[in-house]
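Chemist: What follows is entry_4.csv, made up of CSV, C-alpha atoms:
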chain,number,residue,atom,x,y,z
Q,598,MET,CA,124.1,118.1,97.5
Q,599,ARG,CA,120.7,116.6,98.1
Q,600,HIS,CA,119.2,114.6,95.2
Q,601,LEU,CA,115.7,113.2,94.9
Q,602,ILE,CA,115.8,109.8,93.2
Q,603,VAL,CA,112.6,108.6,91.7
Q,604,SER,CA,111.6,105.9,89.3
Q,605,ASP,CA,108.4,104.6,87.6
Q,606,ILE,CA,106.2,107.6,88.1
Q,607,HIS,CA,103.9,106.1,85.5
Q,608,SER,CA,101.7,109.0,84.8
Q,609,ASN,CA,100.6,109.1,88.5
Q,610,LEU,CA,100.6,112.9,89.2
Q,611,ALA,CA,99.0,112.5,92.7
Q,612,ALA,CA,101.8,110.2,93.8
Q,613,PHE,CA,104.5,112.4,92.2
Q,614,GLU,CA,103.2,115.5,93.9
Q,615,ALA,CA,103.1,113.7,97.3
Q,616,VAL,CA,106.8,112.7,96.8
Q,617,LEU,CA,107.9,116.2,95.9
Q,618,ALA,CA,106.1,117.6,98.9
Q,619,ASP,CA,107.5,115.0,101.2
Q,620,ALA,CA,111.1,115.4,99.9
Q,621,GLY,CA,111.2,119.1,100.4
Q,622,SER,CA,114.1,121.1,99.1
Q,623,VAL,CA,116.4,119.2,96.8
Q,624,ASP,CA,119.2,120.3,94.4
Q,625,ARG,CA,118.2,118.0,91.6
Q,626,VAL,CA,115.8,115.2,90.7
Q,627,TRP,CA,117.2,112.0,89.2
Q,628,SER,CA,114.5,110.1,87.3
Q,629,LEU,CA,115.2,106.5,86.4
Q,630,GLY,CA,112.7,106.2,83.7
Q,631,ASP,CA,109.1,105.3,83.0
Q,632,VAL,CA,107.7,108.7,83.8
Q,633,VAL,CA,104.7,107.7,81.7
Q,634,GLY,CA,102.7,104.5,81.2
Q,635,TYR,CA,99.8,102.9,83.1
Q,636,GLY,CA,98.5,106.1,84.7
Q,637,PRO,CA,96.2,108.9,83.6
Q,638,ASP,CA,98.4,112.0,83.6
Q,639,PRO,CA,101.4,111.6,81.2
Q,640,ASN,CA,101.7,115.2,80.1
Q,641,GLU,CA,101.2,116.6,83.6
Q,642,CYS,CA,103.9,114.3,85.0
Q,643,LEU,CA,106.4,115.1,82.3
Q,644,GLU,CA,105.8,118.8,82.6
Q,645,ARG,CA,106.2,118.7,86.4
Q,646,LEU,CA,109.5,116.8,86.0
Q,647,ARG,CA,110.7,119.1,83.2
Q,648,GLY,CA,110.1,122.1,85.3
Q,649,LEU,CA,112.6,121.0,87.9
Q,650,PRO,CA,116.4,120.7,87.8
Q,651,HIS,CA,116.7,117.1,86.8
Q,652,LEU,CA,118.3,114.4,84.7
Q,653,SER,CA,116.3,111.4,83.3
Q,654,VAL,CA,116.9,108.2,81.4
Q,655,ALA,CA,114.5,106.3,79.1
Q,656,GLY,CA,112.3,103.6,80.4
Q,657,ASN,CA,110.5,101.0,78.3
Q,658,HIS,CA,107.1,102.7,78.7
Q,659,ASP,CA,108.6,106.1,77.8
Q,660,TRP,CA,109.9,104.8,74.5
Q,661,GLY,CA,107.0,102.3,74.0
Q,662,SER,CA,104.5,105.1,74.1
Q,663,ILE,CA,106.2,106.9,71.2
Q,664,ALA,CA,106.9,103.8,69.2
Q,665,ARG,CA,110.6,104.1,69.8
Q,666,ILE,CA,110.7,100.4,70.7
Q,667,ASP,CA,108.5,97.4,69.8
Q,668,ILE,CA,105.8,96.8,72.4
Q,669,SER,CA,104.8,93.3,71.2
Q,670,ASP,CA,106.4,91.8,74.3
Q,671,PHE,CA,104.2,94.0,76.6
Q,672,ASN,CA,101.1,92.3,78.0
Q,673,PRO,CA,97.9,93.3,76.2
Q,674,GLU,CA,96.9,95.9,78.9
Q,675,ALA,CA,100.3,97.5,78.8
Q,676,GLN,CA,100.2,97.6,75.0
Q,677,HIS,CA,96.8,99.3,75.1
Q,678,ILE,CA,97.9,101.9,77.7
Q,679,CYS,CA,101.1,102.6,75.7
Q,680,ARG,CA,99.1,103.4,72.6
Q,681,TRP,CA,96.6,105.5,74.7
Q,682,THR,CA,99.5,107.4,76.3
Q,683,GLY,CA,101.1,108.1,72.9
Q,684,GLN,CA,97.8,109.6,71.8
Q,685,GLN,CA,97.7,111.9,74.8
Q,686,LEU,CA,101.3,113.2,74.6
Q,687,SER,CA,102.0,116.6,73.3
Q,688,ALA,CA,104.5,116.9,70.4
Q,689,ASP,CA,106.9,118.6,72.8
Q,690,ASN,CA,106.7,115.8,75.3
Q,691,GLN,CA,107.1,113.2,72.6
Q,692,ALA,CA,110.3,114.9,71.5
Q,693,TYR,CA,111.6,115.1,75.1
Q,694,LEU,CA,111.1,111.3,75.5
Q,695,ALA,CA,112.7,110.6,72.2
Q,696,GLY,CA,115.8,112.5,73.2
Q,697,LEU,CA,116.4,110.6,76.5
Q,698,ALA,CA,119.5,108.5,76.8
Q,699,GLU,CA,119.4,104.9,77.9
Q,700,THR,CA,122.4,105.3,80.3
Q,701,VAL,CA,123.8,108.4,82.1
Q,702,VAL,CA,126.9,108.5,84.3
Q,703,GLU,CA,126.9,111.1,87.0
Q,704,GLY,CA,130.0,111.0,89.2
Q,705,ASP,CA,130.0,107.7,91.1
Q,706,PHE,CA,126.6,106.7,89.7
Q,707,THR,CA,125.6,104.9,86.6
Q,708,ILE,CA,121.9,105.6,86.0
Q,709,VAL,CA,119.6,103.3,83.9
Q,710,HIS,CA,116.0,102.1,84.0
Q,711,GLY,CA,116.3,98.3,83.8
Q,712,SER,CA,119.9,97.2,84.2
Q,713,PRO,CA,123.3,98.3,83.1
Q,714,ARG,CA,123.4,95.2,80.7
Q,715,TYR,CA,120.0,95.9,79.1
Q,716,PRO,CA,119.1,99.4,80.1
Q,717,THR,CA,115.4,99.5,79.2
Q,718,TRP,CA,114.3,95.9,79.6
Q,719,GLU,CA,116.0,93.7,82.2
Q,720,TYR,CA,114.5,93.2,85.7
Q,721,LEU,CA,117.0,92.9,88.5
Q,722,VAL,CA,115.2,91.0,91.2
Q,723,TYR,CA,117.6,88.0,91.8
Q,724,THR,CA,121.1,87.9,93.1
Q,725,LEU,CA,122.5,85.9,90.1
Q,726,SER,CA,121.4,88.4,87.5
Q,727,ALA,CA,122.5,91.3,89.7
Q,728,LEU,CA,125.9,89.7,90.2
Q,729,GLU,CA,126.4,89.4,86.4
Q,730,ASN,CA,125.4,93.0,86.0
Q,731,PHE,CA,128.2,94.4,88.2
Q,732,ASP,CA,130.5,93.7,85.2
Q,733,TYR,CA,128.5,96.1,83.0
Q,734,PHE,CA,129.2,99.3,84.8
Q,735,ASP,CA,132.5,100.9,86.0
Q,736,THR,CA,131.2,103.3,88.7
Q,737,ARG,CA,130.8,102.4,92.4
Q,738,PHE,CA,127.1,102.5,92.2
Q,739,CYS,CA,124.3,101.8,89.7
Q,740,LEU,CA,120.7,103.2,90.1
Q,741,VAL,CA,118.0,101.1,88.5
Q,742,GLY,CA,114.1,101.0,88.5
Q,743,HIS,CA,111.8,98.9,86.4
Q,744,SER,CA,110.9,96.2,89.0
Q,745,HIS,CA,108.9,98.7,91.1
Q,746,VAL,CA,110.5,97.2,94.3
Q,747,PRO,CA,112.9,98.9,96.6
Q,748,ILE,CA,116.0,96.8,96.9
Q,749,ILE,CA,119.8,97.0,97.1
Q,750,PHE,CA,122.3,94.5,95.7
Q,751,GLN,CA,125.8,94.5,97.2
Q,752,SER,CA,128.8,93.1,95.5
Q,753,ARG,CA,131.1,91.2,97.9
Q,754,ASP,CA,134.2,89.1,97.0
Q,755,GLY,CA,132.6,87.6,93.9
Q,756,THR,CA,129.2,87.1,95.4
Q,757,CYS,CA,126.1,89.3,95.7
Q,758,ASP,CA,124.0,90.1,98.7
Q,759,LEU,CA,120.3,91.1,98.5
Q,760,LEU,CA,119.4,93.8,101.0
Q,761,VAL,CA,115.8,95.0,101.6
Q,762,PRO,CA,115.6,98.6,102.8
Q,763,THR,CA,112.8,99.6,105.1
Q,764,PRO,CA,111.0,103.0,105.1
Q,765,ASP,CA,113.2,105.8,106.7
Q,766,SER,CA,116.2,103.5,106.8
Q,767,VAL,CA,119.5,105.3,106.1
Q,768,TRP,CA,122.3,103.5,104.2
Q,769,HIS,CA,125.9,104.7,104.3
Q,770,LEU,CA,127.4,104.1,100.9
Q,771,GLY,CA,130.9,103.5,101.9
Q,772,GLU,CA,133.3,101.8,99.4
Q,773,GLN,CA,131.3,98.8,98.5
Q,774,ARG,CA,129.7,98.5,95.0
Q,775,LEU,CA,125.9,98.6,95.0
Q,776,ILE,CA,123.0,98.4,92.6
Q,777,ILE,CA,120.2,100.5,94.1
Q,778,ASN,CA,116.5,100.5,93.3
Q,779,PRO,CA,114.4,103.3,95.0
Q,780,GLY,CA,111.1,101.5,94.3
Q,781,ALA,CA,108.2,103.0,92.3
Q,782,VAL,CA,106.5,106.3,92.8
Q,783,GLY,CA,103.4,105.7,90.7
Q,784,GLN,CA,102.8,101.9,90.9
Q,785,PRO,CA,104.5,100.1,93.8
Q,786,ARG,CA,104.6,96.3,93.5
Q,787,ASP,CA,105.9,95.2,96.9
Q,788,GLY,CA,102.6,95.1,98.8
Q,789,ASP,CA,102.8,98.6,100.0
Q,790,GLU,CA,100.6,101.1,98.1
Q,791,ARG,CA,102.6,104.2,99.3
Q,792,ALA,CA,104.9,105.9,96.8
Q,793,SER,CA,108.5,105.0,97.3
Q,794,TYR,CA,111.6,107.1,96.7
Q,795,VAL,CA,115.1,107.8,97.9
Q,796,ILE,CA,117.1,110.9,99.0
Q,797,LEU,CA,120.8,110.8,98.1
Q,798,ASP,CA,122.9,113.1,100.2
Q,799,THR,CA,126.3,113.3,98.5
Q,800,ASP,CA,127.8,115.4,101.4
Q,801,GLN,CA,126.9,112.7,104.0
Q,802,ASP,CA,127.3,109.9,101.5
Q,803,THR,CA,123.9,108.5,102.5
Q,804,LEU,CA,120.8,107.1,101.0
Q,805,THR,CA,117.5,107.5,102.8
Q,806,TYR,CA,114.5,105.4,101.7
Q,807,ARG,CA,111.1,107.0,102.1
Q,808,ARG,CA,107.4,105.9,101.7
Q,809,VAL,CA,104.7,108.5,101.4
Q,810,PRO,CA,100.9,108.0,101.2
Q,811,TYR,CA,99.0,109.7,98.5
Q,812,PRO,CA,95.3,109.9,97.5
Q,813,VAL,CA,95.1,106.7,95.5
Q,814,TYR,CA,91.4,107.3,94.8
Q,815,VAL,CA,92.2,110.5,92.9
Q,816,THR,CA,94.4,108.6,90.5
Q,817,GLN,CA,91.9,105.7,90.3
Q,818,LYS,CA,89.1,108.1,89.4
Q,819,ARG,CA,91.2,109.8,86.7
Q,820,MET,CA,92.0,106.3,85.3
Q,821,GLN,CA,88.3,105.3,85.3
Q,822,GLN,CA,87.4,108.6,83.5
Q,823,ALA,CA,90.0,107.8,80.8
Q,824,GLY,CA,88.7,104.2,80.3
Q,825,LEU,CA,91.9,102.5,81.4
Q,826,PRO,CA,91.9,98.8,82.4
Q,827,GLU,CA,90.2,98.0,85.7
Q,828,ARG,CA,93.0,95.7,86.8
Q,829,GLN,CA,95.5,98.5,86.5
Q,830,ILE,CA,93.1,100.7,88.5
Q,831,SER,CA,92.5,98.3,91.4
Q,832,ARG,CA,96.2,97.3,91.8
Q,833,LEU,CA,97.2,100.8,93.0
Q,834,ALA,CA,95.3,100.3,96.3
Q,835,MET,CA,97.1,97.0,97.0
Q,836,GLY,CA,100.7,97.8,95.9
Q,837,TRP,CA,101.1,95.0,93.4
Using structure tokens, write down the structure that the file contains.
Modeler:
Amino acid sequence: MRHLIVSDIHSNLAAFEAVLADAGSVDRVWSLGDVVGYGPDPNECLERLRGLPHLSVAGNHDWGSIARIDISDFNPEAQHICRWTGQQLSADNQAYLAGLAETVVEGDFTIVHGSPRYPTWEYLVYTLSALENFDYFDTRFCLVGHSHVPIIFQSRDGTCDLLVPTPDSVWHLGEQRLIINPGAVGQPRDGDERASYVILDTDQDTLTYRRVPYPVYVTQKRMQQAGLPERQISRLAMGW
């Protein structure tokens, strides 16, 4: 089967549509959380995702926007956008977000937003914290988002290697245990403004990393019209 793995769409419909077009035919979409937040189109992104065969887990912005979690630890701009997002969401989409699980196990994959240890909050960007997190899931692989950076951690004889995938690189899963981050669709933070995603082919046992350009200016204009913070608008063009 061919699965589209996305994370951190962040209400960026233009980026999400570009990813869907680039990915082509897939059997299912796996969303690693934060469908909403930061961007201008929360309802549209949720409805697009919900119209596809998919599974999804809760991200901190998903639950923050519906007051399911305390957002006092968010920076002031993120707090403001969370409250704005909550005001835009339809009752049906609020109920959908409220019903999301923090962790889903699908075959050989544990699926979370942040980490298996702290599913909606922890950023996995360093090998030490990643190594500790291998003890918190039992499957061969764990899919995470949250950091907005495409990265793979590999467990090896009590140590952890950090691997940086490049666009169009193909990774054979094999027997090793991995923590896999597909990067962000709607707000990349690795210096590349293009939307990032992964194709999982369970027949070939491969992951393919992809980057796809999208009309950033369309999202920026929509954000300006909504009165969202200028820093969040400008960062999209720089991938940070």
Chemist: Write out as a list in words the residues lying within 10 Å of Ala695 in chain Q, counting all atoms listed in the file and excluding same-chain residues fewer than 2 positions away.
Modeler: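 Neighbouring residues, sequence-local ones excluded: Ala655, Asp659, Trp660, Ile663, Ala664, Arg665, Asp689, Asn690, Gln691, Ala692, Tyr693, Leu697 and Ala698 of chain Q.
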Chemist: The selected residues should be written to file as a PDB file, in the coordinates of the input (atoms: C-alpha atoms).
Modeler:
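Ended up saving to again06.pdb:
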ATOM      1  CA  ALA Q 655     114.500 106.300  79.100  1.00  0.00           C
ATOM      2  CA  ASP Q 659     108.600 106.100  77.800  1.00  0.00           C
ATOM      3  CA  TRP Q 660     109.900 104.800  74.500  1.00  0.00           C
ATOM      4  CA  ILE Q 663     106.200 106.900  71.200  1.00  0.00           C
ATOM      5  CA  ALA Q 664     106.900 103.800  69.200  1.00  0.00           C
ATOM      6  CA  ARG Q 665     110.600 104.100  69.800  1.00  0.00           C
ATOM      7  CA  ASP Q 689     106.900 118.600  72.800  1.00  0.00           C
ATOM      8  CA  ASN Q 690     106.700 115.800  75.300  1.00  0.00           C
ATOM      9  CA  GLN Q 691     107.100 113.200  72.600  1.00  0.00           C
ATOM     10  CA  ALA Q 692     110.300 114.900  71.500  1.00  0.00           C
ATOM     11  CA  TYR Q 693     111.600 115.100  75.100  1.00  0.00           C
ATOM     12  CA  LEU Q 697     116.400 110.600  76.500  1.00  0.00           C
ATOM     13  CA  ALA Q 698     119.500 108.500  76.800  1.00  0.00           C
TER      14      ALA Q 698
END
Chemist: Could you pull the residues within 10 Å of Gly656 in chain Q, counting all atoms listed in the file, minus those fewer than 6 positions along the same chain, as an mmCIF file with C-alpha atoms, in the coordinates of the input?
Modeler:
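The resulting file, out05.cif, is shown below:
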data_model
loop_
_atom_site.group_PDB
_atom_site.id
_atom_site.type_symbol
_atom_site.label_atom_id
_atom_site.label_comp_id
_atom_site.auth_asym_id
_atom_site.auth_seq_id
_atom_site.Cartn_x
_atom_site.Cartn_y
_atom_site.Cartn_z
ATOM 1 C CA SER Q 604 111.600 105.900 89.300
ATOM 2 C CA ASP Q 605 108.400 104.600 87.600
ATOM 3 C CA SER Q 628 114.500 110.100 87.300
ATOM 4 C CA LEU Q 629 115.200 106.500 86.400
ATOM 5 C CA GLY Q 630 112.700 106.200 83.700
ATOM 6 C CA ASP Q 631 109.100 105.300 83.000
ATOM 7 C CA VAL Q 632 107.700 108.700 83.800
ATOM 8 C CA VAL Q 633 104.700 107.700 81.700
ATOM 9 C CA GLY Q 634 102.700 104.500 81.200
ATOM 10 C CA LEU Q 694 111.100 111.300 75.500
ATOM 11 C CA LEU Q 697 116.400 110.600 76.500
ATOM 12 C CA ALA Q 698 119.500 108.500 76.800
ATOM 13 C CA GLU Q 699 119.400 104.900 77.900
ATOM 14 C CA VAL Q 709 119.600 103.300 83.900
ATOM 15 C CA HIS Q 710 116.000 102.100 84.000
ATOM 16 C CA GLY Q 711 116.300 98.300 83.800
ATOM 17 C CA PRO Q 716 119.100 99.400 80.100
ATOM 18 C CA THR Q 717 115.400 99.500 79.200
ATOM 19 C CA TRP Q 718 114.300 95.900 79.600
ATOM 20 C CA GLY Q 742 114.100 101.000 88.500
ATOM 21 C CA HIS Q 743 111.800 98.900 86.400
#
Chemist: Q:Leu775, Q:Ala620, Q:Leu825, Q:Ala792: which is nearest Arg680 in chain Q, counting all atoms listed in the file?
Modeler: Q:Leu825
Chemist: I'd like to know which of Q:Arg737, Q:Arg753, Q:His607, Q:Arg791 is closest to Gln829 in chain Q, using only C-alpha atoms.
Modeler: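 For Gln829 in chain Q, the nearest of the candidates is Q:His607.
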Chemist: Have a look at Q:Asp787, Q:His677, Q:Val722, Q:Pro779 and name the one nearest to Cys757 in chain Q; count only C-alpha atoms.
Modeler: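 Using only C-alpha atoms, the shortest distance to Cys757 in chain Q belongs to Q:Val722.
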Chemist: Tell me, in Å to one decimal, how far CA of Leu833 in chain Q is from CA of Leu760 in chain Q.
Modeler: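 Computed distance, CA of Leu833 in chain Q to CA of Leu760 in chain Q, equals 24.6 Å.
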Chemist: Between Q:Pro639, Q:Gly771, Q:Arg645, Q:Pro747, which residue has the minimum interatomic distance to Val626 in chain Q, considering all atoms listed in the file?
Modeler: Q:Arg645
Chemist: My list of candidates is Q:Leu770, Q:Ala612, Q:Leu617, Q:Leu728. Which is closest to Gln817 in chain Q when distances are computed with all atoms listed in the file?
Modeler: Q:Ala612
Chemist: Nearest residue to Thr803 in chain Q out of Q:Met820, Q:Ala675, Q:Val741, Q:Val767, using all atoms listed in the file?
Modeler: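 Using all atoms listed in the file, the shortest distance to Thr803 in chain Q belongs to Q:Val767.
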Chemist: Which neighbours of Ser744 in chain Q fall inside 7 Å, counting all atoms listed in the file, when residues of the same chain fewer than 2 positions from it are skipped, and could you give them as a PyMOL selection string?
Modeler: chain Q and resi 720-721+742+746
Chemist: Can you tell me which residues surround Gln751 in chain Q at a distance of at most 12 Å, considering only C-alpha atoms, apart from same-chain residues fewer than 5 positions away, and format the answer as number ranges by chain?
Modeler: Q: 723-725, 727-731, 737-739, 756-761, 768, 770-778
Chemist: Is there a way to complete range 737-771 of chain Q with N, CA and C atoms and then write that out as a CSV table (one decimal), in the coordinates of the input?
Modeler:
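File produced: rebuild.csv:
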chain,number,residue,atom,x,y,z
Q,737,ARG,N,131.1,103.1,91.1
Q,737,ARG,CA,130.8,102.4,92.4
Q,737,ARG,C,129.4,102.0,92.5
Q,738,PHE,N,128.5,102.8,92.0
Q,738,PHE,CA,127.1,102.5,92.2
Q,738,PHE,C,126.3,102.6,90.9
Q,739,CYS,N,125.2,101.8,90.9
Q,739,CYS,CA,124.3,101.8,89.7
Q,739,CYS,C,122.9,102.0,90.3
Q,740,LEU,N,122.1,102.9,89.7
Q,740,LEU,CA,120.7,103.2,90.1
Q,740,LEU,C,119.8,102.6,89.0
Q,741,VAL,N,118.9,101.8,89.4
Q,741,VAL,CA,118.0,101.1,88.5
Q,741,VAL,C,116.5,101.2,89.0
Q,742,GLY,N,115.6,101.0,88.1
Q,742,GLY,CA,114.1,101.0,88.5
Q,742,GLY,C,113.5,99.7,87.9
Q,743,HIS,N,112.4,99.9,87.3
Q,743,HIS,CA,111.8,98.9,86.4
Q,743,HIS,C,111.0,97.8,87.2
Q,744,SER,N,111.6,97.3,88.3
Q,744,SER,CA,110.9,96.2,89.0
Q,744,SER,C,109.8,96.7,89.9
Q,745,HIS,N,109.8,98.0,90.2
Q,745,HIS,CA,108.9,98.7,91.1
Q,745,HIS,C,109.0,98.2,92.6
Q,746,VAL,N,110.2,97.7,92.9
Q,746,VAL,CA,110.5,97.2,94.3
Q,746,VAL,C,111.7,97.8,94.8
Q,747,PRO,N,111.7,98.4,96.0
Q,747,PRO,CA,112.9,98.9,96.6
Q,747,PRO,C,113.8,97.8,97.1
Q,748,ILE,N,115.1,97.9,96.6
Q,748,ILE,CA,116.0,96.8,96.9
Q,748,ILE,C,117.4,97.3,96.6
Q,749,ILE,N,118.4,96.7,97.3
Q,749,ILE,CA,119.8,97.0,97.1
Q,749,ILE,C,120.5,95.7,96.9
Q,750,PHE,N,121.4,95.6,95.9
Q,750,PHE,CA,122.3,94.5,95.7
Q,750,PHE,C,123.7,95.0,96.0
Q,751,GLN,N,124.4,94.2,96.8
Q,751,GLN,CA,125.8,94.5,97.2
Q,751,GLN,C,126.8,93.5,96.7
Q,752,SER,N,127.8,93.9,96.0
Q,752,SER,CA,128.8,93.1,95.5
Q,752,SER,C,129.9,92.8,96.6
Q,753,ARG,N,130.2,91.5,96.9
Q,753,ARG,CA,131.1,91.2,97.9
Q,753,ARG,C,131.9,90.0,97.6
Q,754,ASP,N,133.2,90.2,97.3
Q,754,ASP,CA,134.2,89.1,97.0
Q,754,ASP,C,133.6,88.1,96.1
Q,755,GLY,N,133.1,88.6,94.9
Q,755,GLY,CA,132.6,87.6,93.9
Q,755,GLY,C,131.3,87.1,94.1
Q,756,THR,N,130.6,87.5,95.2
Q,756,THR,CA,129.2,87.1,95.4
Q,756,THR,C,128.3,88.4,95.5
Q,757,CYS,N,127.1,88.1,95.7
Q,757,CYS,CA,126.1,89.3,95.7
Q,757,CYS,C,125.1,89.1,96.8
Q,758,ASP,N,125.0,90.1,97.7
Q,758,ASP,CA,124.0,90.1,98.7
Q,758,ASP,C,122.8,90.9,98.3
Q,759,LEU,N,121.6,90.4,98.7
Q,759,LEU,CA,120.3,91.1,98.5
Q,759,LEU,C,119.9,91.8,99.8
Q,760,LEU,N,119.7,93.1,99.8
Q,760,LEU,CA,119.4,93.8,101.0
Q,760,LEU,C,118.0,94.5,100.7
Q,761,VAL,N,117.1,94.4,101.7
Q,761,VAL,CA,115.8,95.0,101.6
Q,761,VAL,C,115.7,96.2,102.5
Q,762,PRO,N,115.7,97.4,102.0
Q,762,PRO,CA,115.6,98.6,102.8
Q,762,PRO,C,114.2,98.8,103.3
Q,763,THR,N,114.1,99.3,104.5
Q,763,THR,CA,112.8,99.6,105.1
Q,763,THR,C,112.5,101.1,105.1
Q,764,PRO,N,111.3,101.6,105.1
Q,764,PRO,CA,111.0,103.0,105.1
Q,764,PRO,C,111.8,103.8,106.2
Q,765,ASP,N,112.4,104.9,105.8
Q,765,ASP,CA,113.2,105.8,106.7
Q,765,ASP,C,114.5,105.1,107.1
Q,766,SER,N,114.9,104.0,106.5
Q,766,SER,CA,116.2,103.5,106.8
Q,766,SER,C,117.3,104.3,106.0
Q,767,VAL,N,118.4,104.5,106.7
Q,767,VAL,CA,119.5,105.3,106.1
Q,767,VAL,C,120.7,104.3,105.8
Q,768,TRP,N,121.2,104.4,104.6
Q,768,TRP,CA,122.3,103.5,104.2
Q,768,TRP,C,123.5,104.4,103.9
Q,769,HIS,N,124.6,104.0,104.6
Q,769,HIS,CA,125.9,104.7,104.3
Q,769,HIS,C,126.6,104.0,103.2
Q,770,LEU,N,126.9,104.8,102.1
Q,770,LEU,CA,127.4,104.1,100.9
Q,770,LEU,C,128.7,103.5,101.0
Q,771,GLY,N,129.6,104.1,101.7
Q,771,GLY,CA,130.9,103.5,101.9
Q,771,GLY,C,131.7,103.2,100.6
